[in-house]
Amino acid sequence: MQSLQQNVTSSEMKEMPYENLFVWNTFLTEPIRSRCRNTLWTVALVHGHFKQVKLSIFGREINVVLISRRSRHFAGTRYLKRGVNDHGKVANDVETEQIVFEEEAGSCKGRMSAVVQMRGSIPLFWSQEASRLSPKPDIFVQRYDPTYEATKKHFDDLAQRYGHPIIILNLIKTVEKRPREMMLRREYFNAVGYLNQNLPEERKLRFIHWDFHKFAKRF
């Protein structure tokens with residue numbers, strides 16, 4: 001439930017970190033962990049995906065590992081969980097880690113590399129109404145937050161988890177015949193601009209627009 005970087009640098013960790021946001025049975029196991037004062041009698045449950053493949057590149061064998069971990073906070077099904085809550089937790093927060101290592105990595109002779117990225121719902125108060133009759137439900141901005149407090153809490157949490165700088169890759173549409181995602185894009189841009197006003201240059205949020213749908217049409 002922790003990234004490779006965290007496991008390597010956390011030399012003081014002796015027990016399973018059940019308070020981690022990726023452990024789904026934290027609450028259920030709390031009584032027995034408190035009584036036993038350890039984590040030996042419980043199993044941490046993580047909702048995610050794991051895949052490892054072996055590749056040969058120019059005769060050199062390497063292993064590629066892909067691990068996804070889904071946060072237990074503000075999780076739900078598509079359309080029914082969107083946006084951010086008052087605590088700064090976004091819907092369906094998923095951390096994905098890609099690890100590349102040589103076959104000799106276990107013997108400390110090979111080399112290893114790891115990259116972590118996070119995806120989640122846009123950190124604003126918005127929603128969609130699921131309907132069988134509409135494949136593209138309308139988007140509603142539920143609440144206007146003039147100081148973007150929940151959005152700020154979200155990025156403060158990311159800074160604590162991953163450090164600076166925070167790079168935001170915004171994939172939603174830039175042009176639509178009927179404005180849907182465009183409204184959300186504009187409000188998100190305003191939120192980031194507002195938060196950056198009070199941040200030093202080295203901590204400013206880096207906002208990148210990349211219309212994924214427009215790019216995908218080329219292929």
# chains A, B, ... in the order shown; residues from 1 in each chain; ligands from 1
$ select_by_dssp --residues "range 34-110 of chain A" --states "helix (DSSP H, G or I)" --output "list in words"
Ser34, Arg35, Cys36, Glu103, Glu104, Ala105, Gly106 and Ser107 of chain A
$ closest_atom_pairs --of "range 172-199 of chain A" --to "range 148-160 of chain A" --cutoff "12 Å" --atoms "only C-alpha atoms" --output "JSON lines"
{"residue": "A:Glu187", "atom": "CA", "partner": "A:Tyr148", "partner_atom": "CA", "distance": 10.4}
{"residue": "A:Tyr188", "atom": "CA", "partner": "A:Thr151", "partner_atom": "CA", "distance": 9.3}
{"residue": "A:Phe189", "atom": "CA", "partner": "A:Tyr148", "partner_atom": "CA", "distance": 11.7}
{"residue": "A:Asn190", "atom": "CA", "partner": "A:Tyr148", "partner_atom": "CA", "distance": 9.6}
{"residue": "A:Ala191", "atom": "CA", "partner": "A:Tyr148", "partner_atom": "CA", "distance": 6.4}
{"residue": "A:Val192", "atom": "CA", "partner": "A:Thr151", "partner_atom": "CA", "distance": 8.5}
{"residue": "A:Gly193", "atom": "CA", "partner": "A:Tyr148", "partner_atom": "CA", "distance": 10.6}
{"residue": "A:Tyr194", "atom": "CA", "partner": "A:Tyr148", "partner_atom": "CA", "distance": 8.0}
{"residue": "A:Leu195", "atom": "CA", "partner": "A:Lys152", "partner_atom": "CA", "distance": 7.0}
{"residue": "A:Asn196", "atom": "CA", "partner": "A:Lys152", "partner_atom": "CA", "distance": 10.1}
{"residue": "A:Asn198", "atom": "CA", "partner": "A:Lys152", "partner_atom": "CA", "distance": 10.9}
{"residue": "A:Leu199", "atom": "CA", "partner": "A:Lys152", "partner_atom": "CA", "distance": 11.1}
$ residues_around --residues "range 141-143 of chain A" --least-positions-apart "6" --cutoff "9 Å" --atoms "only C-alpha atoms" --output "JSON, numbers by chain"
{"A": [124, 125, 126, 127, 183, 184]}
$ select_by_dssp --residues "chain A" --states "strand (DSSP E)" --output "PyMOL selection string"
chain A and resi 48-57+60-70+94-102+112-119+126-128+139-141+167-170+206-209
$ write_last_selection --atoms "C-alpha atoms" --output "mmCIF file, in the first residue's frame"
data_model
loop_
_atom_site.group_PDB
_atom_site.id
_atom_site.type_symbol
_atom_site.label_atom_id
_atom_site.label_comp_id
_atom_site.auth_asym_id
_atom_site.auth_seq_id
_atom_site.Cartn_x
_atom_site.Cartn_y
_atom_site.Cartn_z
ATOM 1 C CA GLY A 48 -6.211 -2.064 -7.064
ATOM 2 C CA HIS A 49 -4.329 -3.830 -9.828
ATOM 3 C CA PHE A 50 -0.957 -5.520 -10.226
ATOM 4 C CA LYS A 51 0.806 -6.751 -13.338
ATOM 5 C CA GLN A 52 4.396 -7.713 -14.028
ATOM 6 C CA VAL A 53 5.938 -8.626 -17.370
ATOM 7 C CA LYS A 54 9.439 -9.527 -18.468
ATOM 8 C CA LEU A 55 10.834 -7.834 -21.568
ATOM 9 C CA SER A 56 13.965 -8.297 -23.610
ATOM 10 C CA ILE A 57 15.437 -5.135 -25.128
ATOM 11 C CA ARG A 60 18.890 -7.220 -22.036
ATOM 12 C CA GLU A 61 16.134 -8.589 -19.809
ATOM 13 C CA ILE A 62 14.142 -6.170 -17.678
ATOM 14 C CA ASN A 63 10.974 -6.430 -15.613
ATOM 15 C CA VAL A 64 8.153 -3.902 -15.814
ATOM 16 C CA VAL A 65 5.671 -3.707 -12.944
ATOM 17 C CA LEU A 66 2.435 -1.728 -12.920
ATOM 18 C CA ILE A 67 0.654 -1.221 -9.586
ATOM 19 C CA SER A 68 -2.549 0.748 -9.038
ATOM 20 C CA ARG A 69 -3.916 1.555 -5.586
ATOM 21 C CA ARG A 70 -7.383 3.046 -5.088
ATOM 22 C CA VAL A 94 -6.038 6.166 -7.831
ATOM 23 C CA GLU A 95 -2.265 6.106 -7.440
ATOM 24 C CA THR A 96 -0.414 4.275 -10.218
ATOM 25 C CA GLU A 97 3.214 3.246 -9.945
ATOM 26 C CA GLN A 98 5.437 1.978 -12.740
ATOM 27 C CA ILE A 99 8.567 0.109 -11.668
ATOM 28 C CA VAL A 100 11.310 -0.959 -14.070
ATOM 29 C CA PHE A 101 14.157 -3.118 -12.807
ATOM 30 C CA GLU A 102 16.834 -5.447 -14.064
ATOM 31 C CA MET A 112 15.777 0.131 -10.636
ATOM 32 C CA SER A 113 13.481 3.013 -11.519
ATOM 33 C CA ALA A 114 10.008 3.958 -10.275
ATOM 34 C CA VAL A 115 7.519 6.626 -11.328
ATOM 35 C CA VAL A 116 4.315 7.449 -9.440
ATOM 36 C CA GLN A 117 1.351 9.400 -10.772
ATOM 37 C CA MET A 118 -2.083 10.077 -9.336
ATOM 38 C CA ARG A 119 -5.448 10.498 -11.039
ATOM 39 C CA TRP A 126 -19.697 19.071 -9.189
ATOM 40 C CA SER A 127 -21.875 16.116 -10.133
ATOM 41 C CA GLN A 128 -23.603 14.251 -12.965
ATOM 42 C CA ILE A 139 -22.557 18.368 -15.549
ATOM 43 C CA PHE A 140 -23.684 20.479 -12.598
ATOM 44 C CA VAL A 141 -21.466 22.683 -10.478
ATOM 45 C CA ILE A 167 1.818 19.212 -12.201
ATOM 46 C CA ILE A 168 -1.858 19.077 -13.195
ATOM 47 C CA LEU A 169 -2.636 17.432 -16.529
ATOM 48 C CA ASN A 170 -6.171 18.465 -17.451
ATOM 49 C CA ARG A 206 1.605 23.858 -12.885
ATOM 50 C CA PHE A 207 -1.549 23.600 -14.970
ATOM 51 C CA ILE A 208 -1.374 21.897 -18.379
ATOM 52 C CA HIS A 209 -4.390 21.689 -20.710
#
$ residues_around --residues "Leu171 in chain A" --least-positions-apart "3" --cutoff "9 Å" --atoms "only C-alpha atoms" --output "NGL selection string"
:A and (174 or 208-213)
$ write_last_selection --atoms "C-alpha atoms" --output "tab-separated table (two decimals), in the first residue's frame"
chain	number	residue	atom	x	y	z
A	174	THR	CA	-11.65	22.51	-24.79
A	208	ILE	CA	-1.37	21.90	-18.38
A	209	HIS	CA	-4.39	21.69	-20.71
A	210	TRP	CA	-4.34	18.69	-23.04
A	211	ASP	CA	-7.56	17.89	-24.87
A	212	PHE	CA	-7.35	14.09	-24.84
A	213	HIS	CA	-10.47	13.62	-27.00
$ atom_distance --atom1 "CA of Thr26 in chain A" --atom2 "CA of His164 in chain A"
28.4 Å
$ closest_residue --among "A:Pro179, A:Gly120, A:Pro17, A:Pro165" --to "Phe74 in chain A" --atoms "only C-alpha atoms"
A:Gly120
$ closest_residue --among "A:Val8, A:Val46, A:Ala130, A:Leu40" --to "Trp24 in chain A" --atoms "only C-alpha atoms"
A:Val46
$ atom_distance --atom1 "CA of Leu45 in chain A" --atom2 "CA of Glu19 in chain A"
11.9 Å
$ residues_around --residues "His73 in chain A" --least-positions-apart "2" --cutoff "12 Å" --atoms "only C-alpha atoms" --output "ChimeraX atom specification"
/A:19-26,47,69-71,75-76,81,84-94,120
$ decode --residues "range 54-80 of chain A" --atoms "N, CA, C and O atoms" --output "tab-separated table (two decimals), in the first residue's frame"
chain	number	residue	atom	x	y	z
A	54	LYS	N	8.00	-9.52	-18.21
A	54	LYS	CA	9.44	-9.53	-18.47
A	54	LYS	C	9.66	-9.21	-19.95
A	54	LYS	O	9.04	-9.80	-20.82
A	55	LEU	N	10.55	-8.26	-20.21
A	55	LEU	CA	10.83	-7.83	-21.57
A	55	LEU	C	12.31	-8.03	-21.88
A	55	LEU	O	13.15	-8.01	-20.98
A	56	SER	N	12.58	-8.20	-23.16
A	56	SER	CA	13.96	-8.30	-23.61
A	56	SER	C	14.22	-7.18	-24.61
A	56	SER	O	13.58	-7.12	-25.67
A	57	ILE	N	15.11	-6.27	-24.27
A	57	ILE	CA	15.44	-5.13	-25.13
A	57	ILE	C	16.91	-5.21	-25.50
A	57	ILE	O	17.79	-5.08	-24.63
A	58	PHE	N	17.17	-5.47	-26.79
A	58	PHE	CA	18.54	-5.63	-27.28
A	58	PHE	C	19.31	-6.67	-26.46
A	58	PHE	O	20.48	-6.48	-26.10
A	59	GLY	N	18.61	-7.77	-26.16
A	59	GLY	CA	19.23	-8.85	-25.43
A	59	GLY	C	19.35	-8.63	-23.93
A	59	GLY	O	19.90	-9.47	-23.21
A	60	ARG	N	18.80	-7.54	-23.46
A	60	ARG	CA	18.89	-7.22	-22.04
A	60	ARG	C	17.51	-7.41	-21.41
A	60	ARG	O	16.54	-6.78	-21.82
A	61	GLU	N	17.42	-8.28	-20.43
A	61	GLU	CA	16.13	-8.59	-19.81
A	61	GLU	C	15.82	-7.61	-18.67
A	61	GLU	O	16.65	-7.37	-17.80
A	62	ILE	N	14.61	-7.06	-18.74
A	62	ILE	CA	14.14	-6.17	-17.68
A	62	ILE	C	12.72	-6.57	-17.29
A	62	ILE	O	12.01	-7.22	-18.05
A	63	ASN	N	12.33	-6.19	-16.10
A	63	ASN	CA	10.97	-6.43	-15.61
A	63	ASN	C	10.24	-5.10	-15.49
A	63	ASN	O	10.81	-4.11	-15.00
A	64	VAL	N	9.00	-5.09	-15.93
A	64	VAL	CA	8.15	-3.90	-15.81
A	64	VAL	C	6.96	-4.26	-14.93
A	64	VAL	O	6.25	-5.23	-15.19
A	65	VAL	N	6.76	-3.47	-13.89
A	65	VAL	CA	5.67	-3.71	-12.94
A	65	VAL	C	4.73	-2.51	-12.95
A	65	VAL	O	5.19	-1.36	-12.93
A	66	LEU	N	3.44	-2.78	-12.99
A	66	LEU	CA	2.44	-1.73	-12.92
A	66	LEU	C	1.53	-2.01	-11.73
A	66	LEU	O	0.92	-3.08	-11.64
A	67	ILE	N	1.46	-1.06	-10.80
A	67	ILE	CA	0.65	-1.22	-9.59
A	67	ILE	C	-0.29	-0.03	-9.47
A	67	ILE	O	0.15	1.12	-9.54
A	68	SER	N	-1.57	-0.31	-9.28
A	68	SER	CA	-2.55	0.75	-9.04
A	68	SER	C	-3.20	0.53	-7.68
A	68	SER	O	-3.58	-0.59	-7.35
A	69	ARG	N	-3.31	1.61	-6.92
A	69	ARG	CA	-3.92	1.56	-5.59
A	69	ARG	C	-5.03	2.59	-5.52
A	69	ARG	O	-4.80	3.77	-5.79
A	70	ARG	N	-6.23	2.15	-5.15
A	70	ARG	CA	-7.38	3.05	-5.09
A	70	ARG	C	-7.63	3.51	-3.66
A	70	ARG	O	-7.66	2.69	-2.73
A	71	SER	N	-7.81	4.80	-3.49
A	71	SER	CA	-8.03	5.35	-2.16
A	71	SER	C	-9.40	4.93	-1.61
A	71	SER	O	-10.37	4.82	-2.35
A	72	ARG	N	-9.46	4.73	-0.30
A	72	ARG	CA	-10.72	4.37	0.35
A	72	ARG	C	-11.57	5.59	0.65
A	72	ARG	O	-12.73	5.47	1.07
A	73	HIS	N	-11.03	6.78	0.45
A	73	HIS	CA	-11.76	8.01	0.75
A	73	HIS	C	-12.57	8.47	-0.46
A	73	HIS	O	-12.04	8.60	-1.56
A	74	PHE	N	-13.85	8.72	-0.25
A	74	PHE	CA	-14.74	9.29	-1.27
A	74	PHE	C	-14.76	8.46	-2.55
A	74	PHE	O	-14.75	8.97	-3.66
A	75	ALA	N	-14.79	7.14	-2.38
A	75	ALA	CA	-14.83	6.23	-3.53
A	75	ALA	C	-16.28	5.93	-3.91
A	75	ALA	O	-17.18	6.02	-3.08
A	76	GLY	N	-16.50	5.56	-5.15
A	76	GLY	CA	-17.85	5.22	-5.59
A	76	GLY	C	-17.87	4.90	-7.07
A	76	GLY	O	-16.84	4.92	-7.75
A	77	THR	N	-19.06	4.62	-7.59
A	77	THR	CA	-19.20	4.26	-8.99
A	77	THR	C	-19.21	5.50	-9.88
A	77	THR	O	-19.45	6.61	-9.42
A	78	ARG	N	-18.97	5.27	-11.15
A	78	ARG	CA	-18.93	6.36	-12.12
A	78	ARG	C	-20.27	7.10	-12.16
A	78	ARG	O	-21.32	6.48	-12.04
A	79	TYR	N	-20.21	8.40	-12.31
A	79	TYR	CA	-21.36	9.32	-12.34
A	79	TYR	C	-21.94	9.58	-10.95
A	79	TYR	O	-22.45	10.67	-10.69
A	80	LEU	N	-21.89	8.59	-10.05
A	80	LEU	CA	-22.47	8.79	-8.73
A	80	LEU	C	-21.49	9.44	-7.76
A	80	LEU	O	-21.90	9.97	-6.73
